[in-house]
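Structure file start.cif (mmCIF, C-alpha atoms, pLDDT in the B column; chains and numbers go by the auth columns) is printed below.
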```
data_start
loop_
_atom_site.group_PDB
_atom_site.id
_atom_site.type_symbol
_atom_site.label_atom_id
_atom_site.label_comp_id
_atom_site.label_asym_id
_atom_site.label_seq_id
_atom_site.Cartn_x
_atom_site.Cartn_y
_atom_site.Cartn_z
_atom_site.B_iso_or_equiv
_atom_site.auth_seq_id
_atom_site.auth_asym_id
ATOM 1 C CA MET A 1 -7.699 11.637 15.654 54.00 1 U
ATOM 2 C CA THR A 2 -8.459 12.488 12.039 67.00 2 U
ATOM 3 C CA THR A 3 -6.187 11.397 9.213 73.00 3 U
ATOM 4 C CA HIS A 4 -4.800 14.946 9.088 69.00 4 U
ATOM 5 C CA ASP A 5 -4.027 14.844 12.815 91.00 5 U
ATOM 6 C CA ASP A 6 -2.407 11.422 12.455 93.00 6 U
ATOM 7 C CA GLU A 7 -0.209 12.663 9.639 95.00 7 U
ATOM 8 C CA ALA A 8 0.806 15.787 11.580 95.00 8 U
ATOM 9 C CA LEU A 9 1.765 13.716 14.625 96.00 9 U
ATOM 10 C CA LEU A 10 3.783 11.269 12.544 97.00 10 U
ATOM 11 C CA ALA A 11 5.547 14.156 10.780 96.00 11 U
ATOM 12 C CA THR A 12 6.535 16.127 13.874 96.00 12 U
ATOM 13 C CA GLY A 13 6.444 13.851 16.925 97.00 13 U
ATOM 14 C CA GLU A 14 9.408 12.362 18.722 97.00 14 U
ATOM 15 C CA ILE A 15 10.084 8.819 17.505 97.00 15 U
ATOM 16 C CA GLU A 16 11.008 6.261 20.138 96.00 16 U
ATOM 17 C CA PRO A 17 11.785 2.772 18.776 94.00 17 U
ATOM 18 C CA VAL A 18 10.174 -0.024 20.769 93.00 18 U
ATOM 19 C CA GLY A 19 11.398 -3.126 18.990 91.00 19 U
ATOM 20 C CA LEU A 20 12.290 -4.803 15.733 88.00 20 U
ATOM 21 C CA ILE A 21 9.580 -6.566 13.744 85.00 21 U
ATOM 22 C CA GLU A 22 11.261 -9.905 13.095 74.00 22 U
ATOM 23 C CA SER A 23 8.967 -11.044 10.284 71.00 23 U
ATOM 24 C CA SER A 24 9.869 -8.093 8.048 71.00 24 U
ATOM 25 C CA SER A 25 12.150 -8.799 5.064 70.00 25 U
ATOM 26 C CA ASN A 26 13.640 -5.307 5.447 76.00 26 U
ATOM 27 C CA SER A 27 14.259 -3.664 8.801 85.00 27 U
ATOM 28 C CA ALA A 28 11.013 -2.392 10.282 93.00 28 U
ATOM 29 C CA LEU A 29 10.628 -1.152 13.815 95.00 29 U
ATOM 30 C CA LEU A 30 7.624 -0.673 16.017 96.00 30 U
ATOM 31 C CA ALA A 31 7.880 2.827 17.463 97.00 31 U
ATOM 32 C CA GLN A 32 5.959 5.276 19.577 97.00 32 U
ATOM 33 C CA VAL A 33 5.525 8.764 18.165 98.00 33 U
ATOM 34 C CA SER A 34 4.697 11.474 20.706 96.00 34 U
ATOM 35 C CA ALA A 35 4.065 15.219 20.705 94.00 35 U
ATOM 36 C CA GLU A 36 2.337 17.534 23.172 89.00 36 U
ATOM 37 C CA GLY A 37 0.899 14.755 25.272 90.00 37 U
ATOM 38 C CA VAL A 38 -0.468 12.798 22.306 94.00 38 U
ATOM 39 C CA SER A 39 1.089 9.555 21.120 95.00 39 U
ATOM 40 C CA SER A 40 0.541 6.867 18.533 96.00 40 U
ATOM 41 C CA MET A 41 2.190 3.588 17.681 97.00 41 U
ATOM 42 C CA ALA A 42 3.836 3.495 14.267 97.00 42 U
ATOM 43 C CA ILE A 43 5.969 1.407 11.955 97.00 43 U
ATOM 44 C CA TYR A 44 9.325 3.005 11.143 97.00 44 U
ATOM 45 C CA LYS A 45 11.180 1.688 8.093 97.00 45 U
ATOM 46 C CA PRO A 46 14.681 3.194 7.813 96.00 46 U
ATOM 47 C CA GLU A 47 16.532 3.328 4.521 95.00 47 U
ATOM 48 C CA GLU A 48 19.533 1.903 6.349 93.00 48 U
ATOM 49 C CA GLY A 49 17.682 -1.374 6.846 90.00 49 U
ATOM 50 C CA GLU A 50 16.742 -1.962 3.203 91.00 50 U
ATOM 51 C CA ARG A 51 18.200 -4.912 1.337 89.00 51 U
ATOM 52 C CA PRO A 52 19.517 -4.169 -2.180 90.00 52 U
ATOM 53 C CA LEU A 53 17.048 -5.290 -4.854 90.00 53 U
ATOM 54 C CA ARG A 54 17.680 -6.071 -8.508 90.00 54 U
ATOM 55 C CA ASP A 55 14.350 -4.763 -9.765 89.00 55 U
ATOM 56 C CA PHE A 56 13.816 -1.713 -7.544 94.00 56 U
ATOM 57 C CA PRO A 57 16.082 1.265 -6.886 93.00 57 U
ATOM 58 C CA PRO A 58 17.196 2.153 -3.350 93.00 58 U
ATOM 59 C CA ARG A 59 14.974 4.120 -0.976 95.00 59 U
ATOM 60 C CA ILE A 60 11.905 1.964 -1.397 96.00 60 U
ATOM 61 C CA TYR A 61 10.630 3.538 1.822 97.00 61 U
ATOM 62 C CA ARG A 62 9.635 6.535 -0.303 98.00 62 U
ATOM 63 C CA ARG A 63 7.201 4.307 -2.182 98.00 63 U
ATOM 64 C CA GLU A 64 5.359 3.714 1.082 98.00 64 U
ATOM 65 C CA ARG A 65 4.595 7.435 1.094 98.00 65 U
ATOM 66 C CA ALA A 66 3.729 7.384 -2.612 98.00 66 U
ATOM 67 C CA ALA A 67 1.163 4.635 -1.989 98.00 67 U
ATOM 68 C CA TYR A 68 -0.405 6.686 0.790 98.00 68 U
ATOM 69 C CA VAL A 69 -0.512 9.799 -1.406 98.00 69 U
ATOM 70 C CA LEU A 70 -2.252 7.871 -4.188 98.00 70 U
ATOM 71 C CA SER A 71 -4.711 6.162 -1.846 98.00 71 U
ATOM 72 C CA ASN A 72 -5.510 9.479 -0.188 97.00 72 U
ATOM 73 C CA ALA A 73 -6.014 11.267 -3.519 97.00 73 U
ATOM 74 C CA LEU A 74 -8.431 8.560 -4.644 98.00 74 U
ATOM 75 C CA GLY A 75 -10.297 8.879 -1.355 97.00 75 U
ATOM 76 C CA TRP A 76 -10.071 5.122 -0.792 98.00 76 U
ATOM 77 C CA GLY A 77 -8.409 5.026 2.639 97.00 77 U
ATOM 78 C CA ILE A 78 -6.448 1.879 1.864 98.00 78 U
ATOM 79 C CA VAL A 79 -3.000 2.905 3.146 98.00 79 U
ATOM 80 C CA PRO A 80 -2.569 4.078 6.759 98.00 80 U
ATOM 81 C CA PRO A 81 -1.220 7.629 7.230 98.00 81 U
ATOM 82 C CA THR A 82 2.438 7.561 6.173 98.00 82 U
ATOM 83 C CA VAL A 83 5.101 10.256 6.246 98.00 83 U
ATOM 84 C CA LEU A 84 8.789 10.560 5.442 98.00 84 U
ATOM 85 C CA ARG A 85 11.211 11.575 8.174 97.00 85 U
ATOM 86 C CA ASP A 86 14.864 12.555 7.728 97.00 86 U
ATOM 87 C CA ASP A 87 15.342 13.058 11.469 96.00 87 U
ATOM 88 C CA ALA A 88 14.344 9.578 12.621 96.00 88 U
ATOM 89 C CA PRO A 89 16.580 7.646 15.069 94.00 89 U
ATOM 90 C CA PHE A 90 18.261 5.450 12.449 95.00 90 U
ATOM 91 C CA GLY A 91 18.220 7.939 9.598 96.00 91 U
ATOM 92 C CA PRO A 92 15.749 8.719 6.802 97.00 92 U
ATOM 93 C CA GLY A 93 12.769 6.442 6.452 97.00 93 U
ATOM 94 C CA SER A 94 9.008 6.122 6.361 98.00 94 U
ATOM 95 C CA VAL A 95 6.797 6.305 9.434 98.00 95 U
ATOM 96 C CA GLN A 96 3.350 4.757 9.131 98.00 96 U
ATOM 97 C CA LYS A 97 0.558 4.678 11.679 98.00 97 U
ATOM 98 C CA PHE A 98 0.273 1.248 13.258 97.00 98 U
ATOM 99 C CA VAL A 99 -3.052 -0.473 12.613 97.00 99 U
ATOM 100 C CA PRO A 100 -4.421 -2.383 15.633 96.00 100 U
ATOM 101 C CA HIS A 101 -5.499 -5.783 14.353 96.00 101 U
ATOM 102 C CA ASP A 102 -5.849 -9.458 15.105 96.00 102 U
ATOM 103 C CA PRO A 103 -2.842 -11.156 13.449 93.00 103 U
ATOM 104 C CA ALA A 104 -4.947 -14.295 12.967 96.00 104 U
ATOM 105 C CA GLN A 105 -7.050 -12.339 10.470 97.00 105 U
ATOM 106 C CA HIS A 106 -5.623 -11.757 6.989 98.00 106 U
ATOM 107 C CA TYR A 107 -6.796 -11.680 3.392 98.00 107 U
ATOM 108 C CA PHE A 108 -7.650 -15.371 3.204 98.00 108 U
ATOM 109 C CA THR A 109 -9.686 -15.424 6.428 98.00 109 U
ATOM 110 C CA LEU A 110 -11.408 -12.163 5.521 98.00 110 U
ATOM 111 C CA TYR A 111 -12.415 -13.400 2.089 98.00 111 U
ATOM 112 C CA ASP A 112 -13.597 -16.761 3.411 97.00 112 U
ATOM 113 C CA SER A 113 -15.327 -15.689 6.620 97.00 113 U
ATOM 114 C CA HIS A 114 -16.106 -11.971 6.367 97.00 114 U
ATOM 115 C CA PRO A 115 -18.176 -11.317 3.244 98.00 115 U
ATOM 116 C CA GLU A 116 -18.900 -7.815 4.552 98.00 116 U
ATOM 117 C CA THR A 117 -15.277 -6.944 3.688 98.00 117 U
ATOM 118 C CA HIS A 118 -15.504 -8.031 0.039 98.00 118 U
ATOM 119 C CA GLU A 119 -16.311 -4.546 -1.224 98.00 119 U
ATOM 120 C CA GLN A 120 -13.180 -3.211 0.466 98.00 120 U
ATOM 121 C CA LEU A 121 -11.088 -6.134 -0.779 98.00 121 U
ATOM 122 C CA LEU A 122 -12.214 -5.546 -4.357 98.00 122 U
ATOM 123 C CA ARG A 123 -11.253 -1.885 -4.010 98.00 123 U
ATOM 124 C CA MET A 124 -7.833 -2.967 -2.760 98.00 124 U
ATOM 125 C CA ALA A 125 -7.488 -5.222 -5.794 98.00 125 U
ATOM 126 C CA VAL A 126 -8.116 -2.225 -8.068 98.00 126 U
ATOM 127 C CA PHE A 127 -5.631 -0.129 -6.097 98.00 127 U
ATOM 128 C CA ASP A 128 -2.951 -2.804 -6.429 98.00 128 U
ATOM 129 C CA VAL A 129 -3.345 -2.861 -10.205 98.00 129 U
ATOM 130 C CA VAL A 130 -2.985 0.929 -10.348 98.00 130 U
ATOM 131 C CA ALA A 131 0.003 0.912 -7.991 98.00 131 U
ATOM 132 C CA ASN A 132 1.493 -2.183 -9.653 98.00 132 U
ATOM 133 C CA ASN A 133 1.964 -3.854 -6.283 98.00 133 U
ATOM 134 C CA THR A 134 4.452 -6.721 -6.534 97.00 134 U
ATOM 135 C CA ASP A 135 4.044 -7.937 -2.965 96.00 135 U
ATOM 136 C CA ARG A 136 0.408 -8.098 -1.831 98.00 136 U
ATOM 137 C CA LYS A 137 0.674 -11.009 0.566 97.00 137 U
ATOM 138 C CA GLY A 138 -2.280 -12.159 2.640 97.00 138 U
ATOM 139 C CA GLY A 139 -0.669 -10.818 5.803 96.00 139 U
ATOM 140 C CA HIS A 140 -0.458 -7.348 4.268 97.00 140 U
ATOM 141 C CA VAL A 141 -4.257 -7.035 4.548 98.00 141 U
ATOM 142 C CA LEU A 142 -5.389 -5.972 8.028 98.00 142 U
ATOM 143 C CA LEU A 143 -8.822 -5.582 9.597 98.00 143 U
ATOM 144 C CA ASP A 144 -9.014 -2.933 12.318 97.00 144 U
ATOM 145 C CA PRO A 145 -11.485 -3.031 15.248 97.00 145 U
ATOM 146 C CA ASP A 146 -13.869 -0.724 13.352 97.00 146 U
ATOM 147 C CA GLY A 147 -14.166 -3.115 10.421 97.00 147 U
ATOM 148 C CA HIS A 148 -11.938 -1.084 8.080 98.00 148 U
ATOM 149 C CA VAL A 149 -9.549 -3.020 5.841 98.00 149 U
ATOM 150 C CA TRP A 150 -6.046 -1.589 5.443 98.00 150 U
ATOM 151 C CA GLY A 151 -3.174 -2.488 3.127 98.00 151 U
ATOM 152 C CA ILE A 152 0.388 -2.315 4.449 97.00 152 U
ATOM 153 C CA ASP A 153 3.902 -2.924 3.066 96.00 153 U
ATOM 154 C CA GLN A 154 3.633 -0.999 -0.194 96.00 154 U
ATOM 155 C CA GLY A 155 7.375 -0.454 -0.703 96.00 155 U
ATOM 156 C CA LEU A 156 7.465 -2.722 -3.765 96.00 156 U
ATOM 157 C CA CYS A 157 5.048 -0.736 -5.884 98.00 157 U
ATOM 158 C CA PHE A 158 5.078 1.585 -8.901 98.00 158 U
ATOM 159 C CA SER A 159 7.566 -0.198 -11.144 97.00 159 U
ATOM 160 C CA ALA A 160 7.073 0.938 -14.744 97.00 160 U
ATOM 161 C CA PRO A 161 6.984 -2.612 -16.223 96.00 161 U
ATOM 162 C CA PHE A 162 3.834 -4.493 -15.207 96.00 162 U
ATOM 163 C CA LYS A 163 4.855 -6.738 -12.286 95.00 163 U
ATOM 164 C CA LEU A 164 1.625 -7.243 -10.353 97.00 164 U
ATOM 165 C CA ARG A 165 1.956 -10.015 -7.762 97.00 165 U
ATOM 166 C CA THR A 166 -0.943 -10.406 -5.365 98.00 166 U
ATOM 167 C CA VAL A 167 -3.037 -12.995 -3.573 98.00 167 U
ATOM 168 C CA ILE A 168 -6.224 -11.080 -4.399 98.00 168 U
ATOM 169 C CA TRP A 169 -7.417 -12.904 -7.503 97.00 169 U
ATOM 170 C CA GLU A 170 -10.923 -13.902 -6.429 97.00 170 U
ATOM 171 C CA PHE A 171 -12.303 -10.759 -8.099 98.00 171 U
ATOM 172 C CA ALA A 172 -10.536 -11.317 -11.435 97.00 172 U
ATOM 173 C CA GLY A 173 -12.768 -10.402 -14.353 97.00 173 U
ATOM 174 C CA GLU A 174 -15.332 -8.666 -12.185 97.00 174 U
ATOM 175 C CA GLU A 175 -16.725 -5.319 -13.228 98.00 175 U
ATOM 176 C CA ILE A 176 -15.170 -2.371 -11.406 98.00 176 U
ATOM 177 C CA PRO A 177 -17.923 -0.508 -9.519 98.00 177 U
ATOM 178 C CA ALA A 178 -18.995 2.776 -11.077 98.00 178 U
ATOM 179 C CA GLU A 179 -17.963 4.803 -8.032 98.00 179 U
ATOM 180 C CA LEU A 180 -14.389 3.484 -8.278 98.00 180 U
ATOM 181 C CA ILE A 181 -14.296 4.261 -12.000 98.00 181 U
ATOM 182 C CA LYS A 182 -15.404 7.809 -11.165 98.00 182 U
ATOM 183 C CA ASP A 183 -12.575 8.121 -8.632 98.00 183 U
ATOM 184 C CA LEU A 184 -10.012 6.879 -11.162 98.00 184 U
ATOM 185 C CA GLU A 185 -11.010 9.116 -14.055 97.00 185 U
ATOM 186 C CA PRO A 186 -9.320 12.353 -12.831 96.00 186 U
ATOM 187 C CA MET A 187 -6.071 10.453 -12.165 95.00 187 U
ATOM 188 C CA HIS A 188 -5.829 9.475 -15.806 93.00 188 U
ATOM 189 C CA GLU A 189 -4.873 13.051 -16.639 91.00 189 U
ATOM 190 C CA ASP A 190 -3.669 14.549 -13.368 94.00 190 U
ATOM 191 C CA LEU A 191 -1.753 12.624 -10.710 97.00 191 U
ATOM 192 C CA PRO A 192 -1.045 14.114 -7.253 97.00 192 U
ATOM 193 C CA ALA A 193 1.810 16.609 -7.590 97.00 193 U
ATOM 194 C CA GLU A 194 3.791 15.051 -4.742 98.00 194 U
ATOM 195 C CA LEU A 195 4.345 11.900 -6.773 98.00 195 U
ATOM 196 C CA GLU A 196 6.742 13.906 -8.932 97.00 196 U
ATOM 197 C CA ASP A 197 9.133 13.973 -5.961 97.00 197 U
ATOM 198 C CA LEU A 198 8.656 10.311 -5.082 98.00 198 U
ATOM 199 C CA LEU A 199 8.615 8.421 -8.381 98.00 199 U
ATOM 200 C CA PHE A 200 10.445 8.520 -11.708 97.00 200 U
ATOM 201 C CA PRO A 201 8.593 10.175 -14.628 97.00 201 U
ATOM 202 C CA VAL A 202 8.272 6.847 -16.438 98.00 202 U
ATOM 203 C CA GLU A 203 6.671 5.345 -13.330 98.00 203 U
ATOM 204 C CA GLN A 204 4.157 8.169 -13.156 98.00 204 U
ATOM 205 C CA LEU A 205 3.299 7.672 -16.823 98.00 205 U
ATOM 206 C CA ALA A 206 2.876 3.959 -16.207 98.00 206 U
ATOM 207 C CA ILE A 207 0.327 4.673 -13.456 98.00 207 U
ATOM 208 C CA GLN A 208 -1.741 6.656 -15.936 98.00 208 U
ATOM 209 C CA MET A 209 -1.442 3.910 -18.541 98.00 209 U
ATOM 210 C CA ARG A 210 -2.669 1.294 -16.075 98.00 210 U
ATOM 211 C CA ILE A 211 -5.580 3.549 -15.141 98.00 211 U
ATOM 212 C CA ALA A 212 -6.385 4.001 -18.828 98.00 212 U
ATOM 213 C CA GLU A 213 -6.486 0.230 -19.257 97.00 213 U
ATOM 214 C CA LEU A 214 -8.862 -0.163 -16.318 98.00 214 U
ATOM 215 C CA LEU A 215 -11.095 2.610 -17.616 98.00 215 U
ATOM 216 C CA ASP A 216 -11.133 1.010 -21.050 97.00 216 U
ATOM 217 C CA THR A 217 -11.972 -2.533 -19.918 97.00 217 U
ATOM 218 C CA GLY A 218 -13.971 -1.617 -16.815 97.00 218 U
ATOM 219 C CA ARG A 219 -12.918 -4.920 -15.269 98.00 219 U
ATOM 220 C CA LEU A 220 -10.201 -6.341 -13.064 98.00 220 U
ATOM 221 C CA PRO A 221 -7.565 -8.354 -14.945 96.00 221 U
ATOM 222 C CA PHE A 222 -7.021 -12.103 -14.832 95.00 222 U
ATOM 223 C CA ASP A 223 -3.699 -13.743 -14.010 94.00 223 U
ATOM 224 C CA GLU A 224 -2.825 -14.810 -17.530 89.00 224 U
ATOM 225 C CA THR A 225 0.478 -16.369 -16.400 89.00 225 U
ATOM 226 C CA GLY A 226 -1.283 -19.394 -14.951 85.00 226 U
ATOM 227 C CA GLY A 227 -0.714 -18.532 -11.322 83.00 227 U
ATOM 228 C CA TYR A 228 2.734 -16.921 -11.363 90.00 228 U
ATOM 229 C CA ARG A 229 1.476 -13.497 -10.308 95.00 229 U
ATOM 230 C CA ILE A 230 1.354 -14.518 -6.650 95.00 230 U
ATOM 231 C CA PRO A 231 4.040 -13.385 -4.155 94.00 231 U
ATOM 232 C CA TRP A 232 5.946 -15.929 -2.115 91.00 232 U
ATOM 233 C CA PRO A 233 5.263 -16.763 0.566 91.00 233 U
ATOM 234 C CA PRO A 234 1.582 -15.899 -0.021 93.00 234 U
ATOM 235 C CA LEU A 235 1.031 -15.119 3.672 90.00 235 U
#
```
File written out as structure tokens:
Amino acid sequence: MTTHDDEALLATGEIEPVGLIESSSNSALLAQVSAEGVSSMAIYKPEEGERPLRDFPPRIYRRERAAYVLSNALGWGIVPPTVLRDDAPFGPGSVQKFVPHDPAQHYFTLYDSHPETHEQLLRMAVFDVVANNTDRKGGHVLLDPDGHVWGIDQGLCFSAPFKLRTVIWEFAGEEIPAELIKDLEPMHEDLPAELEDLLFPVEQLAIQMRIAELLDTGRLPFDETGGYRIPWPPL
């Protein structure tokens, strides 16, 4: 299926929970989404299962959709198709296409043993700066059977204050490729309209300010805190 077909299925199909993902810090369920004889596995994150956070408002599941919207608008294909559903079994939440992957593979193994993924990993590093991802753990980087690298668990993104926490620091200081700069330039002035419904105005402005900084320097930032901008646990 194409991305458009995936999104349509996730948005309209019947959601049947299969089981709880025990490793998730907030409730996340593996589910099967089916419609007209077509089905897909997905990750359903209900609002009801979110833990209260001091530094993020409720309904972080909506930020999963915001990350997909941004990734899609950039044309980077980093975030799997993600929709919002109010009619899901346990109430409103996000539904994201499940990415088949080998759980033994993650950011650290990809960087060390799969140099062919480095271009995609660098692009993810740029995306995380733009989205202000505060939780890019190694296990949130998946390699699918076709060799495509996906980023999952983007609920803790888009805070207005700069809170970047990521394990992807191997590309710090590197020049951002010209094609990525070209993709970012339109977003400096015009973000996807849907983000207005998903994020606060100050958060949208902060996205544009982070893009402006990247366009100005042309390079990925360093961790100037001495190693504190890493989520815990890192995997």
(Q) As a check of understanding, name the residues that the PyMOL selection byres ((chain U and resi 74) around 9) selects in the supplied structure, as a list of chain:residue names. (A)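 Going through the file, the PyMOL selection byres ((chain U and resi 74) around 9) ends up selecting U:Val69, U:Leu70, U:Ser71, U:Asn72, U:Ala73, U:Gly75, U:Trp76, U:Gly77, U:Leu180, U:Asp183, U:Leu184, U:Met187.
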Could you build a table of the residues in range 54-110 of chain U lying no more than 12 Å from range 117-120 of chain U, giving for each the nearest pair of atoms and their separation in Å rounded to one decimal place, using all atoms listed in the file, ordered by chain and ascending residue number, as JSON lines?
```
{"residue": "U:Trp76", "atom": "CA", "partner": "U:Gln120", "partner_atom": "CA", "distance": 9.0}
{"residue": "U:Gly77", "atom": "CA", "partner": "U:Gln120", "partner_atom": "CA", "distance": 9.8}
{"residue": "U:Ile78", "atom": "CA", "partner": "U:Gln120", "partner_atom": "CA", "distance": 8.6}
{"residue": "U:Gln105", "atom": "CA", "partner": "U:Thr117", "partner_atom": "CA", "distance": 11.9}
{"residue": "U:His106", "atom": "CA", "partner": "U:Thr117", "partner_atom": "CA", "distance": 11.3}
{"residue": "U:Tyr107", "atom": "CA", "partner": "U:Thr117", "partner_atom": "CA", "distance": 9.7}
{"residue": "U:Phe108", "atom": "CA", "partner": "U:His118", "partner_atom": "CA", "distance": 11.2}
{"residue": "U:Thr109", "atom": "CA", "partner": "U:Thr117", "partner_atom": "CA", "distance": 10.5}
{"residue": "U:Leu110", "atom": "CA", "partner": "U:Thr117", "partner_atom": "CA", "distance": 6.8}
```
Distance query 7 Å from (-3.2, -12.9, 2.4) using only C-alpha atoms, result as a PDB file with C-alpha atoms, in the frame of the given file:
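Once everything was written out, this is result_28.pdb:
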```
ATOM      1  CA  HIS U 106      -5.623 -11.757   6.989  1.00 98.00           C
ATOM      2  CA  TYR U 107      -6.796 -11.680   3.392  1.00 98.00           C
ATOM      3  CA  PHE U 108      -7.650 -15.371   3.204  1.00 98.00           C
ATOM      4  CA  LYS U 137       0.674 -11.009   0.566  1.00 97.00           C
ATOM      5  CA  GLY U 138      -2.280 -12.159   2.640  1.00 97.00           C
ATOM      6  CA  GLY U 139      -0.669 -10.818   5.803  1.00 96.00           C
ATOM      7  CA  HIS U 140      -0.458  -7.348   4.268  1.00 97.00           C
ATOM      8  CA  VAL U 141      -4.257  -7.035   4.548  1.00 98.00           C
ATOM      9  CA  VAL U 167      -3.037 -12.995  -3.573  1.00 98.00           C
ATOM     10  CA  PRO U 234       1.582 -15.899  -0.021  1.00 93.00           C
ATOM     11  CA  LEU U 235       1.031 -15.119   3.672  1.00 90.00           C
TER      12      LEU U 235
END
```
Q: Using all atoms listed in the file, determine which residues lie at most 8 Å from range 38-41 of chain U, disregarding the query and same-chain residues fewer than 6 positions distant; provide the list as a list in words.
A: Leu9, Leu30, Ala31, Gln32, Lys97 and Phe98 of chain U
With the cut-off set at 10 Å and counting all atoms listed in the file, tabulate each residue of range 153-182 of chain U with an atom at most that distance from an atom of range 212-223 of chain U, showing the nearest atom pair and its distance in Å to one decimal, ordered by chain and increasing number, as a Markdown table.
```
| residue | atom | partner | partner_atom | distance |
| --- | --- | --- | --- | --- |
| U:Leu164 | CA | U:Asp223 | CA | 9.2 |
| U:Arg165 | CA | U:Asp223 | CA | 9.2 |
| U:Thr166 | CA | U:Asp223 | CA | 9.7 |
| U:Trp169 | CA | U:Phe222 | CA | 7.4 |
| U:Glu170 | CA | U:Phe222 | CA | 9.4 |
| U:Phe171 | CA | U:Leu220 | CA | 7.0 |
| U:Ala172 | CA | U:Phe222 | CA | 5.0 |
| U:Gly173 | CA | U:Leu220 | CA | 5.0 |
| U:Glu174 | CA | U:Arg219 | CA | 5.4 |
| U:Glu175 | CA | U:Arg219 | CA | 4.3 |
| U:Ile176 | CA | U:Arg219 | CA | 5.1 |
| U:Pro177 | CA | U:Gly218 | CA | 8.4 |
| U:Ala178 | CA | U:Gly218 | CA | 8.8 |
| U:Leu180 | CA | U:Leu215 | CA | 9.9 |
| U:Ile181 | CA | U:Leu215 | CA | 6.7 |
| U:Lys182 | CA | U:Leu215 | CA | 9.3 |
```
